[in-house]
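Participant: Data file upload-v1.pdb (PDB, C-alpha atoms) is appended below.
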```
ATOM      1  CA  MET A   1       0.000   0.000   0.000
ATOM      2  CA  ALA A   2       1.243   3.470  -0.846
ATOM      3  CA  THR A   3       2.616   5.558   2.009
ATOM      4  CA  THR A   4       1.262   8.822   0.577
ATOM      5  CA  THR A   5      -2.252   9.952  -0.277
ATOM      6  CA  ASP A   6      -3.745  11.476  -3.427
ATOM      7  CA  THR A   7      -7.309  12.845  -3.439
ATOM      8  CA  LYS A   8      -7.644  11.677  -7.070
ATOM      9  CA  ASN A   9      -7.989   8.179  -5.590
ATOM     10  CA  TYR A  10     -10.751   9.142  -3.153
ATOM     11  CA  LYS A  11     -14.354   8.010  -3.574
ATOM     12  CA  PHE A  12     -17.619   9.264  -2.091
ATOM     13  CA  ASN A  13     -18.405   5.819  -0.807
ATOM     14  CA  HIS A  14     -21.656   5.917   1.150
ATOM     15  CA  SER A  15     -24.361   7.804   2.985
ATOM     16  CA  MET A  16     -25.645   6.407   6.266
ATOM     17  CA  LEU A  17     -29.309   6.389   7.290
ATOM     18  CA  ARG A  18     -30.727   5.019  10.525
ATOM     19  CA  VAL A  19     -33.784   2.818   9.961
ATOM     20  CA  LYS A  20     -36.549   1.468  12.190
ATOM     21  CA  ASP A  21     -37.149  -1.910  10.496
ATOM     22  CA  PRO A  22     -34.268  -3.280   8.398
ATOM     23  CA  LYS A  23     -36.423  -5.885   6.674
ATOM     24  CA  ALA A  24     -38.762  -3.223   5.299
ATOM     25  CA  SER A  25     -35.944  -0.854   4.384
ATOM     26  CA  VAL A  26     -33.762  -3.470   2.665
ATOM     27  CA  LYS A  27     -36.809  -4.674   0.736
ATOM     28  CA  PHE A  28     -37.487  -1.112  -0.483
ATOM     29  CA  TYR A  29     -33.949  -0.405  -1.661
ATOM     30  CA  GLU A  30     -33.706  -3.851  -3.253
ATOM     31  CA  PHE A  31     -36.940  -3.029  -5.087
ATOM     32  CA  LEU A  32     -35.134   0.043  -6.442
ATOM     33  CA  GLY A  33     -32.534  -2.339  -7.868
ATOM     34  CA  MET A  34     -29.868  -2.244  -5.170
ATOM     35  CA  SER A  35     -28.199  -5.260  -3.567
ATOM     36  CA  VAL A  36     -26.842  -5.874  -0.082
ATOM     37  CA  VAL A  37     -23.100  -6.042  -0.823
ATOM     38  CA  LYS A  38     -22.095  -6.322   2.844
ATOM     39  CA  LYS A  39     -23.774  -6.857   6.194
ATOM     40  CA  LEU A  40     -21.895  -6.188   9.426
ATOM     41  CA  GLN A  41     -23.304  -7.386  12.737
ATOM     42  CA  PHE A  42     -22.296  -5.972  16.109
ATOM     43  CA  PRO A  43     -24.464  -7.898  18.604
ATOM     44  CA  ASP A  44     -22.442  -6.739  21.613
ATOM     45  CA  ALA A  45     -23.197  -3.119  20.685
ATOM     46  CA  LYS A  46     -26.731  -4.090  19.554
ATOM     47  CA  PHE A  47     -26.674  -2.772  15.994
ATOM     48  CA  ASP A  48     -26.278  -4.065  12.435
ATOM     49  CA  LEU A  49     -25.144  -2.319   9.256
ATOM     50  CA  TYR A  50     -26.436  -3.065   5.755
ATOM     51  CA  PHE A  51     -24.486  -1.716   2.771
ATOM     52  CA  LEU A  52     -26.560  -1.524  -0.423
ATOM     53  CA  SER A  53     -25.251  -0.693  -3.875
ATOM     54  CA  TYR A  54     -26.106  -1.109  -7.543
ATOM     55  CA  ASP A  55     -24.243  -4.252  -8.543
ATOM     56  CA  SER A  56     -25.753  -5.535 -11.791
ATOM     57  CA  PRO A  57     -23.395  -6.039 -14.765
ATOM     58  CA  LYS A  58     -24.595  -2.608 -15.983
ATOM     59  CA  ALA A  59     -23.657  -0.867 -12.713
ATOM     60  CA  LEU A  60     -20.630   1.428 -12.553
ATOM     61  CA  SER A  61     -19.239  -0.276  -9.427
ATOM     62  CA  HIS A  62     -20.197  -3.833 -10.404
ATOM     63  CA  GLY A  63     -18.096  -6.410  -8.597
ATOM     64  CA  ASN A  64     -16.009  -3.951  -6.585
ATOM     65  CA  SER A  65     -15.327  -4.480  -2.883
ATOM     66  CA  THR A  66     -17.663  -2.559  -0.579
ATOM     67  CA  PHE A  67     -15.361   0.389   0.110
ATOM     68  CA  ASP A  68     -14.111   0.611  -3.481
ATOM     69  CA  ARG A  69     -17.510   1.825  -4.632
ATOM     70  CA  GLU A  70     -19.468   5.040  -4.949
ATOM     71  CA  GLY A  71     -23.197   5.521  -4.443
ATOM     72  CA  VAL A  72     -23.565   3.105  -1.534
ATOM     73  CA  ILE A  73     -26.339   3.477   1.055
ATOM     74  CA  GLU A  74     -25.556   2.242   4.561
ATOM     75  CA  LEU A  75     -28.584   1.396   6.686
ATOM     76  CA  THR A  76     -27.994   1.325  10.448
ATOM     77  CA  HIS A  77     -30.401  -0.680  12.593
ATOM     78  CA  ASN A  78     -30.309  -0.409  16.368
ATOM     79  CA  TYR A  79     -31.862  -3.522  17.870
ATOM     80  CA  GLY A  80     -35.414  -3.159  19.119
ATOM     81  CA  THR A  81     -36.522  -0.096  17.171
ATOM     82  CA  GLU A  82     -38.688  -2.266  14.912
ATOM     83  CA  ASP A  83     -40.810  -3.218  17.928
ATOM     84  CA  ASP A  84     -41.017   0.287  19.398
ATOM     85  CA  ALA A  85     -44.321   1.891  18.385
ATOM     86  CA  ASN A  86     -42.994   5.328  19.355
ATOM     87  CA  PHE A  87     -39.738   5.136  17.382
ATOM     88  CA  LYS A  88     -39.522   7.436  14.390
ATOM     89  CA  VAL A  89     -36.502   8.736  12.477
ATOM     90  CA  ASN A  90     -35.913  12.385  11.637
ATOM     91  CA  ASN A  91     -35.968  12.520   7.838
ATOM     92  CA  GLY A  92     -34.181  15.881   7.799
ATOM     93  CA  ASN A  93     -36.948  17.807   6.050
ATOM     94  CA  ALA A  94     -39.245  18.843   8.907
ATOM     95  CA  GLU A  95     -38.691  21.998  10.946
ATOM     96  CA  PRO A  96     -36.939  22.564  13.267
ATOM     97  CA  HIS A  97     -34.699  19.605  12.458
ATOM     98  CA  ARG A  98     -33.834  20.202   8.811
ATOM     99  CA  GLY A  99     -30.398  19.346   7.458
ATOM    100  CA  PHE A 100     -30.071  16.209   5.348
ATOM    101  CA  GLY A 101     -32.457  16.417   2.408
ATOM    102  CA  HIS A 102     -32.535  13.265   0.304
ATOM    103  CA  VAL A 103     -30.785  10.572  -1.642
ATOM    104  CA  CYS A 104     -31.393  10.419  -5.391
ATOM    105  CA  ILE A 105     -31.543   7.663  -7.973
ATOM    106  CA  SER A 106     -31.353   8.280 -11.711
ATOM    107  CA  VAL A 107     -33.398   5.963 -13.917
ATOM    108  CA  ASP A 108     -33.729   4.929 -17.545
ATOM    109  CA  HIS A 109     -37.420   5.750 -18.120
ATOM    110  CA  ILE A 110     -38.798   7.974 -15.395
ATOM    111  CA  GLN A 111     -42.525   7.565 -16.082
ATOM    112  CA  ALA A 112     -42.254   3.761 -15.993
ATOM    113  CA  ALA A 113     -39.930   3.813 -12.962
ATOM    114  CA  CYS A 114     -42.306   5.995 -10.942
ATOM    115  CA  GLN A 115     -45.332   3.936 -11.974
ATOM    116  CA  ARG A 116     -43.545   0.756 -10.887
ATOM    117  CA  ILE A 117     -42.838   2.256  -7.441
ATOM    118  CA  GLU A 118     -46.435   3.447  -7.090
ATOM    119  CA  ASP A 119     -47.817   0.073  -8.203
ATOM    120  CA  ALA A 120     -45.766  -1.608  -5.461
ATOM    121  CA  GLY A 121     -47.630   0.479  -2.872
ATOM    122  CA  TYR A 122     -44.881   2.897  -1.906
ATOM    123  CA  ARG A 123     -45.786   6.495  -1.114
ATOM    124  CA  PHE A 124     -44.589   9.682  -2.768
ATOM    125  CA  GLN A 125     -43.683  13.078  -1.354
ATOM    126  CA  LYS A 126     -44.059  14.437  -4.888
ATOM    127  CA  LYS A 127     -45.273  12.573  -7.946
ATOM    128  CA  LEU A 128     -44.048  13.452 -11.442
ATOM    129  CA  THR A 129     -47.357  15.133 -12.199
ATOM    130  CA  ASP A 130     -47.366  17.290  -9.035
ATOM    131  CA  GLY A 131     -46.407  20.955  -9.145
ATOM    132  CA  ARG A 132     -44.505  22.756 -11.854
ATOM    133  CA  MET A 133     -41.407  20.543 -11.956
ATOM    134  CA  LYS A 134     -42.619  17.611 -14.064
ATOM    135  CA  HIS A 135     -39.162  16.089 -14.551
ATOM    136  CA  ILE A 136     -38.481  14.988 -10.954
ATOM    137  CA  ALA A 137     -40.330  12.967  -8.345
ATOM    138  CA  PHE A 138     -39.734  12.116  -4.683
ATOM    139  CA  ALA A 139     -40.640   8.669  -3.362
ATOM    140  CA  LEU A 140     -40.722   7.938   0.371
ATOM    141  CA  ASP A 141     -38.841   5.010   1.843
ATOM    142  CA  PRO A 142     -40.398   3.098   4.793
ATOM    143  CA  ASP A 143     -38.980   5.619   7.296
ATOM    144  CA  GLY A 144     -40.110   8.670   5.344
ATOM    145  CA  TYR A 145     -36.688   9.548   3.917
ATOM    146  CA  TRP A 146     -37.044  11.309   0.573
ATOM    147  CA  VAL A 147     -35.695   9.490  -2.491
ATOM    148  CA  GLU A 148     -35.498  11.785  -5.490
ATOM    149  CA  ILE A 149     -36.019  10.203  -8.908
ATOM    150  CA  ILE A 150     -34.477  11.820 -11.995
ATOM    151  CA  SER A 151     -33.989  10.727 -15.589
ATOM    152  CA  LYS A 152     -30.687   9.637 -17.101
ATOM    153  CA  MET A 153     -31.954  10.860 -20.478
ATOM    154  CA  ILE A 154     -30.643  14.300 -21.475
ATOM    155  CA  GLY A 155     -33.527  16.680 -22.067
ATOM    156  CA  SER A 156     -36.195  14.433 -20.566
ATOM    157  CA  LYS A 157     -39.429  16.302 -19.843
ATOM    158  CA  GLY A 158     -40.543  13.667 -17.357
ATOM    159  CA  ALA A 159     -44.317  13.576 -17.034
ATOM    160  CA  ASP A 160     -44.688  15.738 -20.156
ATOM    161  CA  ASP A 161     -42.398  13.647 -22.379
ATOM    162  CA  PRO A 162     -44.370  11.744 -25.058
ATOM    163  CA  GLU A 163     -41.341   9.550 -25.792
ATOM    164  CA  GLU A 164     -41.638   8.080 -22.293
ATOM    165  CA  LYS A 165     -45.131   6.702 -22.911
ATOM    166  CA  GLY A 166     -45.294   2.910 -22.831
ATOM    167  CA  GLN A 167     -41.612   2.404 -22.024
ATOM    168  CA  GLN A 168     -40.366  -0.358 -19.736
ATOM    169  CA  THR A 169     -37.882   0.247 -16.918
ATOM    170  CA  ASP A 170     -34.841  -1.823 -15.950
ATOM    171  CA  PRO A 171     -33.700  -1.218 -12.321
ATOM    172  CA  GLY A 172     -30.381  -2.842 -13.223
ATOM    173  CA  THR A 173     -29.489   0.324 -15.133
ATOM    174  CA  TYR A 174     -30.224   2.762 -12.279
ATOM    175  CA  ARG A 175     -27.604   4.833 -10.450
ATOM    176  CA  MET A 176     -27.478   5.995  -6.824
ATOM    177  CA  ASN A 177     -26.767   9.454  -8.146
ATOM    178  CA  HIS A 178     -26.423  11.827  -5.223
ATOM    179  CA  THR A 179     -26.975  12.731  -1.592
ATOM    180  CA  MET A 180     -28.271  16.200  -0.702
ATOM    181  CA  ILE A 181     -27.425  18.137   2.449
ATOM    182  CA  ARG A 182     -28.311  21.741   3.257
ATOM    183  CA  VAL A 183     -25.419  24.052   4.112
ATOM    184  CA  LYS A 184     -25.382  27.386   5.927
ATOM    185  CA  ASP A 185     -22.439  29.028   4.139
ATOM    186  CA  ALA A 186     -21.869  27.844   0.554
ATOM    187  CA  GLU A 187     -18.410  29.379   0.318
ATOM    188  CA  LYS A 188     -17.132  27.597   3.444
ATOM    189  CA  SER A 189     -18.694  24.267   2.454
ATOM    190  CA  LEU A 190     -17.388  24.374  -1.112
ATOM    191  CA  LYS A 191     -13.900  25.146   0.191
ATOM    192  CA  PHE A 192     -14.045  22.171   2.576
ATOM    193  CA  TYR A 193     -15.298  19.635   0.056
ATOM    194  CA  GLN A 194     -12.959  20.822  -2.700
ATOM    195  CA  ASP A 195      -9.756  21.748  -0.836
ATOM    196  CA  VAL A 196      -9.892  19.249   2.035
ATOM    197  CA  LEU A 197     -11.690  16.245   0.530
ATOM    198  CA  GLY A 198     -10.551  16.851  -3.049
ATOM    199  CA  MET A 199     -13.944  16.811  -4.760
ATOM    200  CA  ASN A 200     -14.562  18.628  -8.043
ATOM    201  CA  LEU A 201     -17.461  21.023  -8.595
ATOM    202  CA  PHE A 202     -19.349  19.380 -11.452
ATOM    203  CA  ARG A 203     -22.320  21.702 -11.768
ATOM    204  CA  THR A 204     -23.915  24.785 -10.201
ATOM    205  CA  VAL A 205     -27.641  25.498 -10.458
ATOM    206  CA  GLU A 206     -28.612  29.038  -9.511
ATOM    207  CA  GLN A 207     -32.262  29.517  -8.595
ATOM    208  CA  SER A 208     -32.074  33.228  -7.770
ATOM    209  CA  ALA A 209     -35.837  33.769  -8.090
ATOM    210  CA  ALA A 210     -36.418  31.104  -5.434
ATOM    211  CA  GLY A 211     -33.459  32.224  -3.323
ATOM    212  CA  PHE A 212     -31.241  29.145  -3.396
ATOM    213  CA  ASN A 213     -28.330  27.551  -5.238
ATOM    214  CA  LEU A 214     -27.437  23.895  -5.763
ATOM    215  CA  TYR A 215     -23.850  22.673  -6.073
ATOM    216  CA  PHE A 216     -23.041  19.169  -7.341
ATOM    217  CA  LEU A 217     -19.632  17.819  -6.365
ATOM    218  CA  GLY A 218     -17.910  14.521  -6.979
ATOM    219  CA  TYR A 219     -14.738  12.642  -7.763
ATOM    220  CA  PRO A 220     -14.117  12.471 -11.535
ATOM    221  CA  GLY A 221     -12.582   8.971 -11.466
ATOM    222  CA  SER A 222     -12.473   7.221 -14.827
ATOM    223  CA  LYS A 223     -15.563   9.071 -16.120
ATOM    224  CA  GLY A 224     -13.928  12.495 -15.745
ATOM    225  CA  VAL A 225     -15.702  15.799 -15.136
ATOM    226  CA  PRO A 226     -18.922  16.044 -17.213
ATOM    227  CA  GLU A 227     -18.226  18.307 -20.193
ATOM    228  CA  ASN A 228     -21.846  19.329 -20.678
ATOM    229  CA  GLY A 229     -22.721  19.655 -16.984
ATOM    230  CA  PHE A 230     -25.094  16.682 -17.229
ATOM    231  CA  THR A 231     -24.518  14.585 -14.113
ATOM    232  CA  ALA A 232     -27.453  12.143 -14.041
ATOM    233  CA  ASP A 233     -25.375   9.203 -15.323
ATOM    234  CA  TYR A 234     -22.916   9.483 -12.431
ATOM    235  CA  GLU A 235     -23.036   7.786  -9.060
ATOM    236  CA  GLY A 236     -21.833   9.058  -5.712
ATOM    237  CA  LEU A 237     -22.276  12.811  -6.082
ATOM    238  CA  LEU A 238     -22.837  15.277  -3.253
ATOM    239  CA  GLU A 239     -25.457  18.005  -3.672
ATOM    240  CA  LEU A 240     -25.118  21.045  -1.429
ATOM    241  CA  THR A 241     -28.230  23.209  -1.105
ATOM    242  CA  TRP A 242     -27.638  26.797   0.022
ATOM    243  CA  ASN A 243     -30.559  29.069   0.858
ATOM    244  CA  TYR A 244     -29.557  32.709   0.448
ATOM    245  CA  GLY A 245     -28.895  34.629   3.641
ATOM    246  CA  THR A 246     -28.410  31.766   6.097
ATOM    247  CA  GLU A 247     -24.686  32.566   6.265
ATOM    248  CA  LYS A 248     -25.495  36.011   7.696
ATOM    249  CA  ASP A 249     -27.596  34.673  10.577
ATOM    250  CA  ASP A 250     -25.343  33.901  13.560
ATOM    251  CA  SER A 251     -28.059  31.877  15.279
ATOM    252  CA  PHE A 252     -28.851  29.737  12.231
ATOM    253  CA  LYS A 253     -27.842  26.081  12.360
ATOM    254  CA  TYR A 254     -28.768  22.931  10.463
ATOM    255  CA  HIS A 255     -29.446  19.650  12.267
ATOM    256  CA  ASP A 256     -26.602  17.168  11.737
ATOM    257  CA  GLY A 257     -28.812  14.076  12.121
ATOM    258  CA  ASN A 258     -26.835  12.739  15.076
ATOM    259  CA  ALA A 259     -28.306  14.926  17.801
ATOM    260  CA  GLU A 260     -31.815  13.921  18.871
ATOM    261  CA  PRO A 261     -34.036  13.364  16.955
ATOM    262  CA  GLN A 262     -31.673  11.178  14.946
ATOM    263  CA  GLY A 263     -31.895  10.078  11.319
ATOM    264  CA  PHE A 264     -29.161  10.648   8.730
ATOM    265  CA  GLY A 265     -25.799   9.797  10.258
ATOM    266  CA  HIS A 266     -22.912  10.649   7.952
ATOM    267  CA  ILE A 267     -21.374  10.585   4.533
ATOM    268  CA  CYS A 268     -18.221   8.545   3.959
ATOM    269  CA  VAL A 269     -15.147   8.979   1.791
ATOM    270  CA  SER A 270     -12.832   6.038   1.108
ATOM    271  CA  VAL A 271      -9.144   6.863   0.693
ATOM    272  CA  ASP A 272      -6.022   5.227  -0.709
ATOM    273  CA  ASN A 273      -4.025   5.332   2.536
ATOM    274  CA  ILE A 274      -5.999   6.104   5.674
ATOM    275  CA  ASP A 275      -2.981   6.944   7.835
ATOM    276  CA  ALA A 276      -1.554   9.351   5.269
ATOM    277  CA  ALA A 277      -4.981  10.871   4.582
ATOM    278  CA  CYS A 278      -5.625  11.504   8.271
ATOM    279  CA  SER A 279      -2.144  13.023   8.664
ATOM    280  CA  ARG A 280      -2.989  15.346   5.785
ATOM    281  CA  PHE A 281      -6.294  16.322   7.408
ATOM    282  CA  GLU A 282      -4.434  16.944  10.660
ATOM    283  CA  SER A 283      -1.993  19.248   8.876
ATOM    284  CA  MET A 284      -4.941  21.209   7.461
ATOM    285  CA  ASP A 285      -6.306  21.855  10.966
ATOM    286  CA  CYS A 286      -9.537  19.972  10.260
ATOM    287  CA  ASN A 287     -12.167  19.529  12.945
ATOM    288  CA  TRP A 288     -12.491  15.948  14.160
ATOM    289  CA  LYS A 289     -15.375  13.981  15.606
ATOM    290  CA  LYS A 290     -13.122  10.934  15.994
ATOM    291  CA  ARG A 291      -9.455  10.491  15.147
ATOM    292  CA  LEU A 292      -8.135   7.096  14.050
ATOM    293  CA  THR A 293      -6.553   6.617  17.451
ATOM    294  CA  ASP A 294      -9.749   7.382  19.404
ATOM    295  CA  GLY A 295     -11.963   4.632  20.774
ATOM    296  CA  ARG A 296     -11.896   0.939  19.924
ATOM    297  CA  MET A 297     -12.319   1.154  16.136
ATOM    298  CA  LYS A 298      -8.845   2.087  14.884
ATOM    299  CA  ASN A 299      -9.720   1.759  11.187
ATOM    300  CA  VAL A 300     -12.258   4.595  10.834
ATOM    301  CA  ALA A 301     -12.111   8.317  11.510
ATOM    302  CA  PHE A 302     -14.718  11.083  11.392
ATOM    303  CA  LEU A 303     -14.186  14.680  10.286
ATOM    304  CA  LEU A 304     -16.688  17.472  10.861
ATOM    305  CA  ASP A 305     -17.647  19.648   7.899
ATOM    306  CA  PRO A 306     -18.423  23.384   8.395
ATOM    307  CA  ASP A 307     -22.043  22.583   9.363
ATOM    308  CA  GLY A 308     -21.084  19.826  11.784
ATOM    309  CA  TYR A 309     -22.107  16.979   9.471
ATOM    310  CA  TRP A 310     -20.003  13.880  10.120
ATOM    311  CA  VAL A 311     -17.695  12.719   7.309
ATOM    312  CA  GLU A 312     -16.406   9.197   7.854
ATOM    313  CA  VAL A 313     -12.988   8.311   6.441
ATOM    314  CA  VAL A 314     -12.266   4.642   5.634
ATOM    315  CA  GLN A 315      -9.620   2.686   3.765
ATOM    316  CA  ASN A 316     -10.379   1.773   0.153
ATOM    317  CA  GLU A 317      -9.774  -1.979   0.228
ATOM    318  CA  ARG A 318      -8.396  -2.062  -3.323
ATOM    319  CA  PHE A 319      -5.292  -0.185  -2.140
ATOM    320  CA  ALA A 320      -4.877  -2.196   1.050
ATOM    321  CA  GLY A 321      -5.372  -5.631  -0.482
ATOM    322  CA  LYS A 322      -7.577  -6.769   2.387
ATOM    323  CA  GLU A 323     -11.091  -6.159   3.706
ATOM    324  CA  ASN A 324     -11.709  -3.538   6.383
ATOM    325  CA  PHE A 325     -14.102  -5.695   8.401
TER     326      PHE A 325
END
```
Just give me the structure as structure tokens.

Facilitator:
Amino acid sequence: MATTTDTKNYKFNHSMLRVKDPKASVKFYEFLGMSVVKKLQFPDAKFDLYFLSYDSPKALSHGNSTFDREGVIELTHNYGTEDDANFKVNNGNAEPHRGFGHVCISVDHIQAACQRIEDAGYRFQKKLTDGRMKHIAFALDPDGYWVEIISKMIGSKGADDPEEKGQQTDPGTYRMNHTMIRVKDAEKSLKFYQDVLGMNLFRTVEQSAAGFNLYFLGYPGSKGVPENGFTADYEGLLELTWNYGTEKDDSFKYHDGNAEPQGFGHICVSVDNIDAACSRFESMDCNWKKRLTDGRMKNVAFLLDPDGYWVEVVQNERFAGKENF
């Protein structure tokens, strides 16, 4: 394994969500075409982890080891929540606990994909036909987390696209495209994710009339930076949502998902050499939730981004030649 670190080798590996009932949640994400690529059980600590990823032969990360992927969703189940009638996760979209927004899948034929989800009995926060934006939808997973659905087809008009009529959908072609978090100060957050974590800014969407901007960041990898700004065929992107003016309000703060009420837990970046990467972060005066040397788990670390969201750092197994767990 190399003794140095290069952010060009980093991957936005996963986003972690706490779930009430793992059977229901795994079933939902498998219905969306994902597969459980790893399950970790910690009975002494009374929790299990389920790592789901697109893994069909058409998937970008097909066949890779768990931490050599992008666009993974990690579901965390704390024993007993499934039997607790009062347990409910914070989905990150209800005041006063907003922060995390959604995960997003991109699909081949959006009308057929949304109809398939509806036919299976799953609920929607926003159907394709709702509102003015006819090209996106938001399904709800069993815990009420929002799952955005977008089209991989350039120029798709979604509900208003006649070419979508009568098409069939193949979940094996889907991507886990991005994870959205709200940020207080766009400038500070962009600097952190670009300068510290080495991500590239792929696309900026300015919605000045509505008072917010969207920033899509990711690691170029073998696909490179999108030349036309079209990012729907990528996996493992990070969307930052900035509402104008929040940076000027000293009392304003987003919910990180780890304070009560809990829900979203963290995002995770896998690196080529975890010791060298953490030494680099140390030299950049980063804020830590957990250093490698803290606690019992000596193979994971957690940084804090400018909003206090947790960013896990793990070893990419391809560079180490062995599994992390």

Participant: Go through A:Gly221, A:Pro226, A:Gly211, A:Gly257 and flag the residue nearest A:Asp68, using all atoms listed in the file for the distances.

Facilitator: A:Gly221

Participant: List the neighbours of A:Val89 out to 12 Å using only C-alpha atoms; skip same-chain residues closer than 6 positions along the sequence, and give me the result as a list in words.

Facilitator: Leu17, Arg18, Val19, Lys20, Asp21, Thr76, His77, Asn78, Thr81, Glu82, His97, Asp141, Pro142, Asp143, Gly144, Tyr145, Gly257, Asn258, Ala259, Glu260, Pro261, Gln262, Gly263, Phe264 and Gly265 of chain A

Participant: When you count all atoms listed in the file, which of these residues is closest to A:Asn91: A:Asp285, A:Asp233, A:Asp256, A:Glu206?

Facilitator: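 Ranked by minimum distance to A:Asn91, first place goes to A:Asp256.
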
Participant: Work out how far atom CA of A:Tyr219 is from atom CA of A:Thr7, in Å to one decimal.

Facilitator: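 Between atom CA of A:Thr7 and atom CA of A:Tyr219 the gap is 8.6 Å.
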
Participant: Neighbouring residues of A:Ser53 were defined as those with any atom within 8 Å, considering only C-alpha atoms; residues of the same chain fewer than 6 positions away were excluded. Please report them as a PyMOL selection string.

Facilitator: chain A and resi 34-37+71-73+176

Participant: Nearest to A:Ser25 among A:Tyr234, A:Ala85, A:Glu74, A:Phe100, with distances taken over only C-alpha atoms: which residue is it?

Facilitator: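 Comparing A:Tyr234, A:Ala85, A:Glu74, A:Phe100 against A:Ser25, the winner is A:Glu74.
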
Participant: Taking 6 positions as the minimum chain separation for residues in the same chain, which residues sit within 12 Å of A:Ala276 when counting all atoms listed in the file? Answer as a tab-separated table (two decimals) with C-alpha atoms, in the coordinates of the input.

Facilitator:
```
chain	number	residue	atom	x	y	z
A	1	MET	CA	0.00	0.00	0.00
A	2	ALA	CA	1.24	3.47	-0.85
A	3	THR	CA	2.62	5.56	2.01
A	4	THR	CA	1.26	8.82	0.58
A	5	THR	CA	-2.25	9.95	-0.28
A	6	ASP	CA	-3.74	11.48	-3.43
A	7	THR	CA	-7.31	12.84	-3.44
A	282	GLU	CA	-4.43	16.94	10.66
A	283	SER	CA	-1.99	19.25	8.88
A	292	LEU	CA	-8.14	7.10	14.05
A	313	VAL	CA	-12.99	8.31	6.44
A	314	VAL	CA	-12.27	4.64	5.63
A	315	GLN	CA	-9.62	2.69	3.76
```

Participant: Looking at A:Glu239, A:Asp170, A:Glu164, A:Asp108, which one is nearest to A:Met199, with distances taken over all atoms listed in the file?

Facilitator: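 Looking only at the distances to A:Met199, the closest residue turns out to be A:Glu239.
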
Participant: Nearest to A:Glu323: which of A:Lys27, A:Glu247, A:Asn299, A:Asn93 is it, counting all atoms listed in the file?

Facilitator: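 Counting all atoms listed in the file, the residue closest to A:Glu323 is A:Asn299.
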
Participant: Given the choices A:Ala113, A:Ala301, A:Leu240, A:Met180, which gets closest to A:Ala159 if the distance is worked out from only C-alpha atoms?

Facilitator: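 So, comparing all the options, the nearest one is A:Ala113.
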
Participant: Can you patch up stretch 278-290 of chain A, filling it in to N, CA and C atoms, and show the result as a PDB file, in the coordinates of the input?

Facilitator:
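Generated output (part32.pdb):
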```
ATOM      1  N   CYS A 278      -5.322  10.862   6.988  1.00  0.00           N
ATOM      2  CA  CYS A 278      -5.625  11.504   8.271  1.00  0.00           C
ATOM      3  C   CYS A 278      -4.498  12.441   8.701  1.00  0.00           C
ATOM      4  N   SER A 279      -3.255  12.103   8.379  1.00  0.00           N
ATOM      5  CA  SER A 279      -2.144  13.023   8.664  1.00  0.00           C
ATOM      6  C   SER A 279      -2.300  14.303   7.862  1.00  0.00           C
ATOM      7  N   ARG A 280      -2.747  14.162   6.628  1.00  0.00           N
ATOM      8  CA  ARG A 280      -2.989  15.346   5.785  1.00  0.00           C
ATOM      9  C   ARG A 280      -4.103  16.207   6.383  1.00  0.00           C
ATOM     10  N   PHE A 281      -5.197  15.570   6.796  1.00  0.00           N
ATOM     11  CA  PHE A 281      -6.294  16.322   7.408  1.00  0.00           C
ATOM     12  C   PHE A 281      -5.813  17.032   8.681  1.00  0.00           C
ATOM     13  N   GLU A 282      -4.973  16.350   9.435  1.00  0.00           N
ATOM     14  CA  GLU A 282      -4.434  16.944  10.660  1.00  0.00           C
ATOM     15  C   GLU A 282      -3.619  18.199  10.333  1.00  0.00           C
ATOM     16  N   SER A 283      -2.839  18.115   9.257  1.00  0.00           N
ATOM     17  CA  SER A 283      -1.993  19.248   8.876  1.00  0.00           C
ATOM     18  C   SER A 283      -2.812  20.428   8.370  1.00  0.00           C
ATOM     19  N   MET A 284      -4.066  20.154   7.959  1.00  0.00           N
ATOM     20  CA  MET A 284      -4.941  21.209   7.461  1.00  0.00           C
ATOM     21  C   MET A 284      -5.844  21.768   8.563  1.00  0.00           C
ATOM     22  N   ASP A 285      -5.550  21.372   9.805  1.00  0.00           N
ATOM     23  CA  ASP A 285      -6.306  21.855  10.966  1.00  0.00           C
ATOM     24  C   ASP A 285      -7.800  21.564  10.855  1.00  0.00           C
ATOM     25  N   CYS A 286      -8.129  20.364  10.369  1.00  0.00           N
ATOM     26  CA  CYS A 286      -9.537  19.972  10.260  1.00  0.00           C
ATOM     27  C   CYS A 286     -10.131  19.742  11.648  1.00  0.00           C
ATOM     28  N   ASN A 287     -11.442  19.848  11.712  1.00  0.00           N
ATOM     29  CA  ASN A 287     -12.167  19.529  12.945  1.00  0.00           C
ATOM     30  C   ASN A 287     -12.518  18.037  12.942  1.00  0.00           C
ATOM     31  N   TRP A 288     -12.278  17.387  14.052  1.00  0.00           N
ATOM     32  CA  TRP A 288     -12.491  15.948  14.160  1.00  0.00           C
ATOM     33  C   TRP A 288     -13.669  15.635  15.079  1.00  0.00           C
ATOM     34  N   LYS A 289     -14.442  14.630  14.683  1.00  0.00           N
ATOM     35  CA  LYS A 289     -15.375  13.981  15.606  1.00  0.00           C
ATOM     36  C   LYS A 289     -14.672  12.806  16.278  1.00  0.00           C
ATOM     37  N   LYS A 290     -13.874  12.086  15.485  1.00  0.00           N
ATOM     38  CA  LYS A 290     -13.122  10.934  15.994  1.00  0.00           C
ATOM     39  C   LYS A 290     -11.846  10.758  15.168  1.00  0.00           C
TER      40      LYS A 290
END
```
